[in-house]
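These notes concern the structure reproduced below.
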Amino acid sequence: MQTWDVVIVGAGSAGLTLALLLAQGDHSQQLKIQVLDQGPVPEPDPVPEPTPETQPASFARVSALNLASKRLLTTLGVWPHLSANPAYQQMDVWEADSFARISFDAQSLGLPALGFIVDNEQLRQQLYARVLQLPQISCRFGVKITNINSSAEQNLLQLQDGQMLLAKLLVGADGANSFVRQQLQMPIAFWDYEQHAVVATIKTAEPHQQTARQVFLPTGPLALLPLADPHLCSIVWSTTPEQAANLLAADPISFNQQLTAACNAVLGMAELVSEAAVYPLRMRYAKQWFTQQAVLVADAAHTIHPLAGQGMNLGLMDVAALAELINQQLGQNLPLVDARMLRTYERWRKSEAQQMITAMELFKRGFGSSLPLAKLVRAVGMKLTNQMPVLKQKIMAAALGNSGDLPAIARPEVNPL
Ligand SMILES: Cc1cc2nc3c(=O)[nH]c(=O)nc-3n(C[C@H](O)[C@H](O)[C@H](O)COP(=O)(O)OP(=O)(O)OC[C@H]3O[C@@H](n4cnc5c(N)ncnc54)[C@H](O)[C@@H]3O)c2cc1C
């Protein structure tokens, strides 16, 4: 039977980042780390052939990352290898059929950028490429875990091929439907946002000018995230499950017409140039983030509405916080893991996640009502906020990860960019 200091279940952005942080920590470098994932190895895509105009662009899930995540990924040596989607310098948010509008501009707020669009799969590939350089980390893909037993001393994992693993610390980084969370019977609170997100790449007649855009429709928000090509955007169109299903089934002409109308033709005619995928949106929040010698991070602990693009940012800060606490623990010659340390992690990160969940709920409910009075209040509120640079600076500082209780590696004063 193999024994590991840390077994991380899930080689997504959170699991791989945690493995790197532990392997590079001042006091945690000696840890033996095993990462297990049920999916395939994240292999780099072959260099793409130049795409003829008629061929569809490849579908890419992207995430808007903030400065705190950039600081973390820069320290890990991963950021310079993430190619070429531009930082966005402006953000426009408005409500359909109303005069409610707010705009942010990096330059006038004294910021280098308002955010960075990163390809999810490329991020995973680059994290994994870095992991391969560190001998303390071993990764296994295509692995099925059949059973987990957690005691006060250790965790025992049984794999489908009959192997057993022992772990001093088990980390559930296995996403929204976490098997670890279920096996360890850690309860969650959840509610359905009653929206599905349609994600796709679109081409627009007008260039996006490195501006992220979001329009609040009566059915939900539609975001246009600028990609490297000035005429390509990734859309996240959150809407009713029925409309999402209809959009997926629609012929391209009808899809393009609906999309162009939904975003008020802000960039002229919009055209679908990739496949579209749909994601049901659900808030999940683990009531308990640790048990015995096991702990949850990122989407395994919480999922939120994508309207503010904060889910991955939150998850990356979870693993940075956990790695920081483990490193401190070892620096003081304390055991790798104890209940006091895990409780500190839980309290720290739960509070950040709760604030984000509440903010998303306020946004969603605030924009959910189509009563004329509610629309007027929203419009006036946004117009007033738009004229208050100090308030706008505060909103942006929070969204960008320049404020809040950040792990040291992501703090602007400790890690300026
Ligand atoms: C439509 C949409 C748009 C979004 N946009 C943004 C954005 O702009 N900005 C942002 O910050 N966030 C965004 N998010 C959130 C972000 O995508 C997630 O928070 C993030 O990807 C979660 O990373 P993770 O590593 O926790 O989980 P995942 O990426 O889900 O990785 C989990 C890993 O665990 C593995 N796994 C699962 N089960 C098992 C098992 N039983 N055994 C072994 N391995 C297992 C999986 O194969 C996977 O590799 C968005 C989410 C959605 C749905």
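Simple scheme: letters A, B, ... for chains in structure tokens order, numbers from 1 for residues in each chain, numbers from 1 for ligands in the order shown.
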
Counting only C-alpha atoms and all ligand atoms, which residues in chain A sit no more than 6 Å from ligand 1? For each one, give the nearest pair of atoms and the distance in Å, sorted by chain then residue number, as a Markdown table.
| residue | atom | partner | partner_atom_place_in_ligand_line | distance |
| --- | --- | --- | --- | --- |
| A:Val9 | CA | ligand 1 | 43 (C) | 5.3 |
| A:Gly10 | CA | ligand 1 | 34 (O) | 3.3 |
| A:Ala11 | CA | ligand 1 | 49 (O) | 4.5 |
| A:Gly12 | CA | ligand 1 | 31 (O) | 3.6 |
| A:Ser13 | CA | ligand 1 | 25 (O) | 4.1 |
| A:Ala14 | CA | ligand 1 | 25 (O) | 3.9 |
| A:Gly15 | CA | ligand 1 | 25 (O) | 5.7 |
| A:Leu36 | CA | ligand 1 | 43 (C) | 5.6 |
| A:Asp37 | CA | ligand 1 | 44 (N) | 3.5 |
| A:Gln38 | CA | ligand 1 | 43 (C) | 4.0 |
| A:Gly39 | CA | ligand 1 | 47 (O) | 4.4 |
| A:Ser63 | CA | ligand 1 | 8 (O) | 3.4 |
| A:Ala64 | CA | ligand 1 | 8 (O) | 3.8 |
| A:Leu65 | CA | ligand 1 | 11 (O) | 5.4 |
| A:Lys144 | CA | ligand 1 | 42 (N) | 5.8 |
| A:Ile145 | CA | ligand 1 | 42 (N) | 5.9 |
| A:Ala173 | CA | ligand 1 | 26 (O) | 5.5 |
| A:Asp174 | CA | ligand 1 | 34 (O) | 3.4 |
| A:Gly175 | CA | ligand 1 | 27 (O) | 3.7 |
| A:Ser178 | CA | ligand 1 | 38 (N) | 5.8 |
| A:Phe179 | CA | ligand 1 | 41 (N) | 4.7 |
| A:Ala197 | CA | ligand 1 | 1 (C) | 5.3 |
| A:Val236 | CA | ligand 1 | 1 (C) | 5.9 |
| A:Tyr279 | CA | ligand 1 | 53 (C) | 5.6 |
| A:Ala298 | CA | ligand 1 | 26 (O) | 4.3 |
| A:Asp299 | CA | ligand 1 | 26 (O) | 3.9 |
| A:Ala300 | CA | ligand 1 | 26 (O) | 6.0 |
| A:Pro306 | CA | ligand 1 | 4 (C) | 4.8 |
| A:Gly309 | CA | ligand 1 | 7 (C) | 3.5 |
| A:Gln310 | CA | ligand 1 | 11 (O) | 3.8 |
| A:Gly311 | CA | ligand 1 | 12 (N) | 3.7 |
| A:Met312 | CA | ligand 1 | 11 (O) | 3.4 |
| A:Asn313 | CA | ligand 1 | 11 (O) | 4.2 |
| A:Gly315 | CA | ligand 1 | 26 (O) | 5.9 |

>> Give me, as an MDAnalysis selection string, the residues of range 37-148 of chain A that a backbone DSSP run labels helix (DSSP H, G or I).
In response: chainID A and resid 67:75 79:81 120:131

Convert the current residue selection to file output with N, CA, C and O atoms, as an mmCIF file, in the first residue's frame.
data_model
loop_
_atom_site.group_PDB
_atom_site.id
_atom_site.type_symbol
_atom_site.label_atom_id
_atom_site.label_comp_id
_atom_site.auth_asym_id
_atom_site.auth_seq_id
_atom_site.Cartn_x
_atom_site.Cartn_y
_atom_site.Cartn_z
ATOM 1 N N LEU A 67 -6.607 40.205 -10.532
ATOM 2 C CA LEU A 67 -5.190 40.448 -10.258
ATOM 3 C C LEU A 67 -4.641 39.510 -9.190
ATOM 4 O O LEU A 67 -3.478 39.108 -9.245
ATOM 5 N N ALA A 68 -5.485 39.161 -8.205
ATOM 6 C CA ALA A 68 -5.018 38.259 -7.143
ATOM 7 C C ALA A 68 -4.631 36.911 -7.756
ATOM 8 O O ALA A 68 -3.577 36.340 -7.433
ATOM 9 N N SER A 69 -5.463 36.385 -8.671
ATOM 10 C CA SER A 69 -5.139 35.113 -9.325
ATOM 11 C C SER A 69 -3.903 35.269 -10.203
ATOM 12 O O SER A 69 -3.067 34.365 -10.281
ATOM 13 N N LYS A 70 -3.779 36.413 -10.852
ATOM 14 C CA LYS A 70 -2.600 36.635 -11.699
ATOM 15 C C LYS A 70 -1.331 36.616 -10.838
ATOM 16 O O LYS A 70 -0.318 36.016 -11.219
ATOM 17 N N ARG A 71 -1.389 37.262 -9.673
ATOM 18 C CA ARG A 71 -0.197 37.277 -8.792
ATOM 19 C C ARG A 71 0.182 35.853 -8.399
ATOM 20 O O ARG A 71 1.347 35.466 -8.446
ATOM 21 N N LEU A 72 -0.828 35.071 -8.020
ATOM 22 C CA LEU A 72 -0.579 33.690 -7.612
ATOM 23 C C LEU A 72 0.047 32.888 -8.763
ATOM 24 O O LEU A 72 1.082 32.222 -8.594
ATOM 25 N N LEU A 73 -0.563 32.972 -9.941
ATOM 26 C CA LEU A 73 -0.084 32.160 -11.069
ATOM 27 C C LEU A 73 1.256 32.671 -11.599
ATOM 28 O O LEU A 73 2.047 31.901 -12.157
ATOM 29 N N THR A 74 1.548 33.946 -11.405
ATOM 30 C CA THR A 74 2.854 34.485 -11.796
ATOM 31 C C THR A 74 3.929 33.908 -10.885
ATOM 32 O O THR A 74 4.985 33.466 -11.343
ATOM 33 N N THR A 75 3.658 33.887 -9.583
ATOM 34 C CA THR A 75 4.643 33.345 -8.633
ATOM 35 C C THR A 75 4.922 31.872 -8.932
ATOM 36 O O THR A 75 6.044 31.403 -8.760
ATOM 37 N N TRP A 79 1.882 31.901 -15.295
ATOM 38 C CA TRP A 79 1.215 32.995 -16.019
ATOM 39 C C TRP A 79 1.878 33.331 -17.365
ATOM 40 O O TRP A 79 1.161 33.477 -18.378
ATOM 41 N N PRO A 80 3.222 33.430 -17.436
ATOM 42 C CA PRO A 80 3.815 33.829 -18.724
ATOM 43 C C PRO A 80 3.512 32.837 -19.847
ATOM 44 O O PRO A 80 3.660 33.177 -21.011
ATOM 45 N N HIS A 81 3.091 31.620 -19.509
ATOM 46 C CA HIS A 81 2.827 30.624 -20.563
ATOM 47 C C HIS A 81 1.369 30.624 -21.019
ATOM 48 O O HIS A 81 0.980 29.808 -21.848
ATOM 49 N N ASN A 120 -9.587 28.001 -19.933
ATOM 50 C CA ASN A 120 -9.554 27.040 -18.807
ATOM 51 C C ASN A 120 -8.637 25.858 -19.094
ATOM 52 O O ASN A 120 -7.867 25.427 -18.237
ATOM 53 N N GLU A 121 -8.740 25.291 -20.308
ATOM 54 C CA GLU A 121 -7.970 24.081 -20.595
ATOM 55 C C GLU A 121 -6.493 24.411 -20.718
ATOM 56 O O GLU A 121 -5.636 23.664 -20.251
ATOM 57 N N GLN A 122 -6.197 25.576 -21.289
ATOM 58 C CA GLN A 122 -4.785 25.948 -21.399
ATOM 59 C C GLN A 122 -4.192 26.173 -20.002
ATOM 60 O O GLN A 122 -3.044 25.800 -19.740
ATOM 61 N N LEU A 123 -4.977 26.746 -19.120
ATOM 62 C CA LEU A 123 -4.484 26.943 -17.753
ATOM 63 C C LEU A 123 -4.142 25.599 -17.122
ATOM 64 O O LEU A 123 -3.078 25.411 -16.536
ATOM 65 N N ARG A 124 -5.046 24.631 -17.280
ATOM 66 C CA ARG A 124 -4.790 23.287 -16.724
ATOM 67 C C ARG A 124 -3.540 22.672 -17.329
ATOM 68 O O ARG A 124 -2.726 22.076 -16.646
ATOM 69 N N GLN A 125 -3.407 22.820 -18.650
ATOM 70 C CA GLN A 125 -2.237 22.231 -19.323
ATOM 71 C C GLN A 125 -0.950 22.852 -18.801
ATOM 72 O O GLN A 125 0.039 22.153 -18.556
ATOM 73 N N GLN A 126 -0.959 24.150 -18.602
ATOM 74 C CA GLN A 126 0.270 24.816 -18.147
ATOM 75 C C GLN A 126 0.560 24.506 -16.677
ATOM 76 O O GLN A 126 1.721 24.380 -16.284
ATOM 77 N N LEU A 127 -0.478 24.376 -15.879
ATOM 78 C CA LEU A 127 -0.254 23.972 -14.481
ATOM 79 C C LEU A 127 0.348 22.567 -14.464
ATOM 80 O O LEU A 127 1.292 22.279 -13.732
ATOM 81 N N TYR A 128 -0.203 21.700 -15.314
ATOM 82 C CA TYR A 128 0.280 20.318 -15.335
ATOM 83 C C TYR A 128 1.723 20.263 -15.848
ATOM 84 O O TYR A 128 2.555 19.509 -15.317
ATOM 85 N N ALA A 129 2.041 21.072 -16.864
ATOM 86 C CA ALA A 129 3.420 21.094 -17.389
ATOM 87 C C ALA A 129 4.391 21.472 -16.263
ATOM 88 O O ALA A 129 5.489 20.932 -16.159
ATOM 89 N N ARG A 130 3.979 22.381 -15.403
ATOM 90 C CA ARG A 130 4.836 22.809 -14.271
ATOM 91 C C ARG A 130 4.930 21.689 -13.232
ATOM 92 O O ARG A 130 5.991 21.430 -12.680
ATOM 93 N N VAL A 131 3.795 21.024 -12.988
ATOM 94 C CA VAL A 131 3.764 19.905 -12.029
ATOM 95 C C VAL A 131 4.775 18.824 -12.438
ATOM 96 O O VAL A 131 5.477 18.254 -11.601
#

>> I'd like to know which of A:Asp119, A:Glu43, A:Asp5, A:Glu361 is closest to Leu307 in chain A, using only C-alpha atoms.
In response: A:Glu361

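If only C-alpha atoms are the atoms counted, then among A:Gly142, A:Ala308, A:Ala152, A:Ala19 the closest residue to Leu322 in chain A is A:Ala19.
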
> Near range 211-218 of chain A, counting only C-alpha atoms, which residues have an atom at most 7 Å away, once you skip same-chain residues fewer than 6 positions from it, shown as a ChimeraX atom specification?
Replying inline: /A:88-96,224-226,263,367-368,370

Preceding selection exported with C-alpha atoms as a tab-separated table (two decimals), in the first residue's frame:
chain	number	residue	atom	x	y	z
A	88	TYR	CA	-9.52	43.97	-20.70
A	89	GLN	CA	-9.29	47.67	-19.96
A	90	GLN	CA	-12.95	48.61	-19.91
A	91	MET	CA	-16.14	47.12	-18.64
A	92	ASP	CA	-19.65	48.17	-19.64
A	93	VAL	CA	-22.67	46.91	-17.74
A	94	TRP	CA	-26.20	47.93	-18.64
A	95	GLU	CA	-29.78	46.87	-18.33
A	96	ALA	CA	-31.83	46.12	-21.43
A	224	LEU	CA	-19.39	39.19	-23.82
A	225	LEU	CA	-15.78	38.53	-22.89
A	226	PRO	CA	-13.15	39.84	-25.34
A	263	CYS	CA	-27.05	42.53	-26.66
A	367	PHE	CA	-32.08	42.45	-11.56
A	368	GLY	CA	-34.75	39.78	-11.37
A	370	SER	CA	-39.28	43.72	-13.97

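CA of Ala321 in chain A sits 17.3 Å away from CA of Ala398 in chain A.
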
> Closest to Gly25 in chain A among A:Leu334, A:Pro221, A:Gln136, A:Ala205, using only C-alpha atoms?
Replying inline: A:Gln136
